[in-house]
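Chemist: Below is one structure. I have some questions about it.
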Amino acid sequence: MNNPLLRLFRSKIYTALIMLLILICIGIIGYKFISGYEWIDAVYMTVITITTVGFAEVNPLDTQSKIFTIFLILASVVIVGYAISIITEYILSRNNFEDIKQRKMQKEIEAMSGHIIICGFGRNGKQAAKKLQDYKKPFVIIERDKDIIERLQEDGIPYVFGNANEDETLLQAGIDRASTLISALPSDADNLFVVLSARQIKKELCIISRASQETSYNKLKLAGANNVILPDKIGGDHMASLVVIPDLVEFIDNLGIVGERNINIEEVKVEQLYNTVSVKTIRELDLRKKTGCTVIGFKDENGEYIVNPEADTRLVPGSKIIVLGRPEQIDRLNSKFNIEQDT
């Protein structure tokens with residue numbers, strides 16, 4: 001934790017433990033050389049004196065040993081009492097701090113709308129989160145691994161601690177206000193259950209699921225997933241493509257997002273580009289001249305794609321275009337049409 005209060009408590013705990021260790025050493029050495037005990041007897045006497053358990057002495061104590069014992073008891077009452085109070089206060093403060101952080105995180109999630117929910121923060125979930133961060137898309141992670149949750153806390157990533165299979169957890173993540181759910185759990189059975197639960201809660205939700213086995217593909221589609229991704233199949237196809245068409249694959253890879261300043265391909269709703277009351281064509285919009293970006297794809301209002309559309313293609317309401325450009329050209333497009341404010 002990076003909280004200064006908790007760091008202060010930890011430093012006090014270390015101080016109390018060091019003082020307690022010094023007290024034990026003083027007790028052992030004192031009983032060894034003042035009372036003439038053997039080392040093991042000196043350790044025994046020190047422990048029963050500090051803990052005040054009240055067992056009998058190893059040997060009767062002389063005057064010097066009694067005075068030393070009185071000092072040891074008084075010192076131990078103060079130091080042990082201090083250590084116990086600090087440790088107790090630390091535990092209570094830590095729990096309170098965790099509760100405060102959780103409530104603050106939940107308020108942040110409740111303020112979200114149109115966000116993406118990622119179930120599972122393994123390899124696939126982490127890559128999905130990175131891509132969404134590059135695009136500045138709001139998202140929430142659902143994860144039940146406490147170690148991963150601590151890392152999400154440190155990175156300031158919105159999260160819900162719990163099982164994505166449970167409806168309550170999905171509702172905590174704001175599924176009723178979300179636009180998309182990505183189920184990236186390692187088990188196909190868990191992904192299937194999440195897809196079923198999510199589709200039952202929100203009929204119009206876009207659901208993307210991971211699958212390990214090809215036999216799970218149709219089951220997940222039947223359960224309500226809009227898209228099912230097979231990472232192993234994609235990886236194998238990609239490696240084979242690097243053998244068959246290496247230069248083309250390398251070029252396509254360079255179109256992907258590597259960092260915030262490397263976005264060079266964008267999907268844009270036509271409503272973000274102009275007033276669609278009067279329909280324009282790609283030629284009339286003239287994005288190439290205005291921003292330097294090139295239209296390489298078109299998706300009509302029915303979801304049909306056209307690669308390298310004609311200049312006379314009508315940009316009707318509900319359609320989208322896919323544009324290609326250098327990062328600075330994409331920035332110019334977003335700035336000119338205020339696209340970043342809409343996304």
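By order of appearance in the structure tokens: chains A, B, ..., then residues from 1 within every chain, and ligands from 1 in the order shown.
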List every residue of stretch 139-289 of chain A that DSSP, applied to the backbone of this structure, places in strand (DSSP E), and write the result as a list of chain:residue names.
Modeler: A:Phe139, A:Val140, A:Ile141, A:Ile142, A:Glu143, A:Tyr159, A:Val160, A:Phe161, A:Thr180, A:Leu181, A:Ile182, A:Ser183, A:Cys206, A:Ile207, A:Ile208, A:Ser209, A:Arg210, A:Asn227, A:Val228, A:Ile229, A:Ile265, A:Glu266, A:Glu267, A:Val268, A:Lys269
Chemist: Which residues are close to A:Ile234, i.e. within 12 Å by only C-alpha atoms, leaving aside same-chain residues fewer than 4 positions away? Reply as a list in words.
Modeler: Arg210, Ala211, Ser212, Glu214, Val228, Ile229, Leu230, His238, Met239, Ala240 and Ser241 of chain A
Chemist: So that I have them on file, write out the residues from the current selection with N, CA and C atoms, as a PDB file, in the first residue's frame.
Modeler:
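Everything below was put into out24.pdb:
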ATOM      1  N   ARG A 210     -13.665 -15.627 -24.628  1.00  0.00           N
ATOM      2  CA  ARG A 210     -12.503 -16.444 -24.975  1.00  0.00           C
ATOM      3  C   ARG A 210     -12.907 -17.914 -24.915  1.00  0.00           C
ATOM      4  N   ALA A 211     -12.292 -18.742 -25.764  1.00  0.00           N
ATOM      5  CA  ALA A 211     -12.519 -20.189 -25.726  1.00  0.00           C
ATOM      6  C   ALA A 211     -11.199 -20.911 -25.934  1.00  0.00           C
ATOM      7  N   SER A 212     -10.983 -21.959 -25.155  1.00  0.00           N
ATOM      8  CA  SER A 212      -9.760 -22.749 -25.299  1.00  0.00           C
ATOM      9  C   SER A 212      -9.936 -23.865 -26.326  1.00  0.00           C
ATOM     10  N   GLU A 214     -12.091 -25.672 -29.554  1.00  0.00           N
ATOM     11  CA  GLU A 214     -12.958 -25.348 -30.701  1.00  0.00           C
ATOM     12  C   GLU A 214     -14.377 -25.859 -30.498  1.00  0.00           C
ATOM     13  N   VAL A 228     -16.639 -15.028 -30.436  1.00  0.00           N
ATOM     14  CA  VAL A 228     -15.859 -15.997 -29.653  1.00  0.00           C
ATOM     15  C   VAL A 228     -14.448 -16.052 -30.234  1.00  0.00           C
ATOM     16  N   ILE A 229     -13.466 -15.835 -29.386  1.00  0.00           N
ATOM     17  CA  ILE A 229     -12.071 -15.795 -29.811  1.00  0.00           C
ATOM     18  C   ILE A 229     -11.338 -17.046 -29.332  1.00  0.00           C
ATOM     19  N   LEU A 230     -10.623 -17.688 -30.257  1.00  0.00           N
ATOM     20  CA  LEU A 230      -9.783 -18.849 -29.931  1.00  0.00           C
ATOM     21  C   LEU A 230      -8.319 -18.412 -29.993  1.00  0.00           C
ATOM     22  N   HIS A 238      -1.282 -16.973 -37.093  1.00  0.00           N
ATOM     23  CA  HIS A 238      -0.366 -15.846 -37.208  1.00  0.00           C
ATOM     24  C   HIS A 238       1.062 -16.332 -37.492  1.00  0.00           C
ATOM     25  N   MET A 239       1.475 -17.378 -36.783  1.00  0.00           N
ATOM     26  CA  MET A 239       2.825 -17.909 -36.996  1.00  0.00           C
ATOM     27  C   MET A 239       2.982 -18.488 -38.405  1.00  0.00           C
ATOM     28  N   ALA A 240       1.928 -19.181 -38.887  1.00  0.00           N
ATOM     29  CA  ALA A 240       1.992 -19.727 -40.243  1.00  0.00           C
ATOM     30  C   ALA A 240       2.023 -18.608 -41.279  1.00  0.00           C
ATOM     31  N   SER A 241       1.281 -17.526 -41.009  1.00  0.00           N
ATOM     32  CA  SER A 241       1.270 -16.393 -41.939  1.00  0.00           C
ATOM     33  C   SER A 241       2.635 -15.725 -42.030  1.00  0.00           C
TER      34      SER A 241
END
Chemist: Write out as CSV the residues of stretch 147-226 of chain A that have any atom within 10 Å of an atom of stretch 107-117 of chain A, one row each with the nearest atom pair and its distance in Å to one decimal, counting only C-alpha atoms, sorted by chain and then rising number.
Modeler:
residue,atom,partner,partner_atom,distance
A:Pro158,CA,A:Ile109,CA,7.0
A:Tyr159,CA,A:Ile109,CA,8.2
A:Val160,CA,A:Ile109,CA,8.9
A:Leu170,CA,A:Ile117,CA,8.5
A:Leu171,CA,A:Glu110,CA,9.9
A:Gln172,CA,A:Ile109,CA,8.0
A:Ala173,CA,A:Ile109,CA,6.6
A:Gly174,CA,A:Glu110,CA,6.5
A:Ile175,CA,A:Ile117,CA,7.3
A:Asp176,CA,A:Ser113,CA,8.8
A:Arg177,CA,A:Ser113,CA,5.1
A:Ala178,CA,A:Gly114,CA,4.5
A:Ser179,CA,A:Gly114,CA,4.6
A:Thr180,CA,A:Ile116,CA,4.8
A:Leu181,CA,A:Ile117,CA,4.7
A:Ile182,CA,A:Ile117,CA,6.0
A:Ser183,CA,A:Ile117,CA,8.2
A:Cys206,CA,A:Ile116,CA,9.4
A:Ile207,CA,A:Ile117,CA,9.5
Chemist: So that I can check the secondary structure, give me every residue of stretch 68-202 of chain A assigned helix (DSSP H, G or I) by backbone DSSP, as a PyMOL selection string.
Modeler: chain A and resi 68-110+123-134+146-155+167-172+188-201
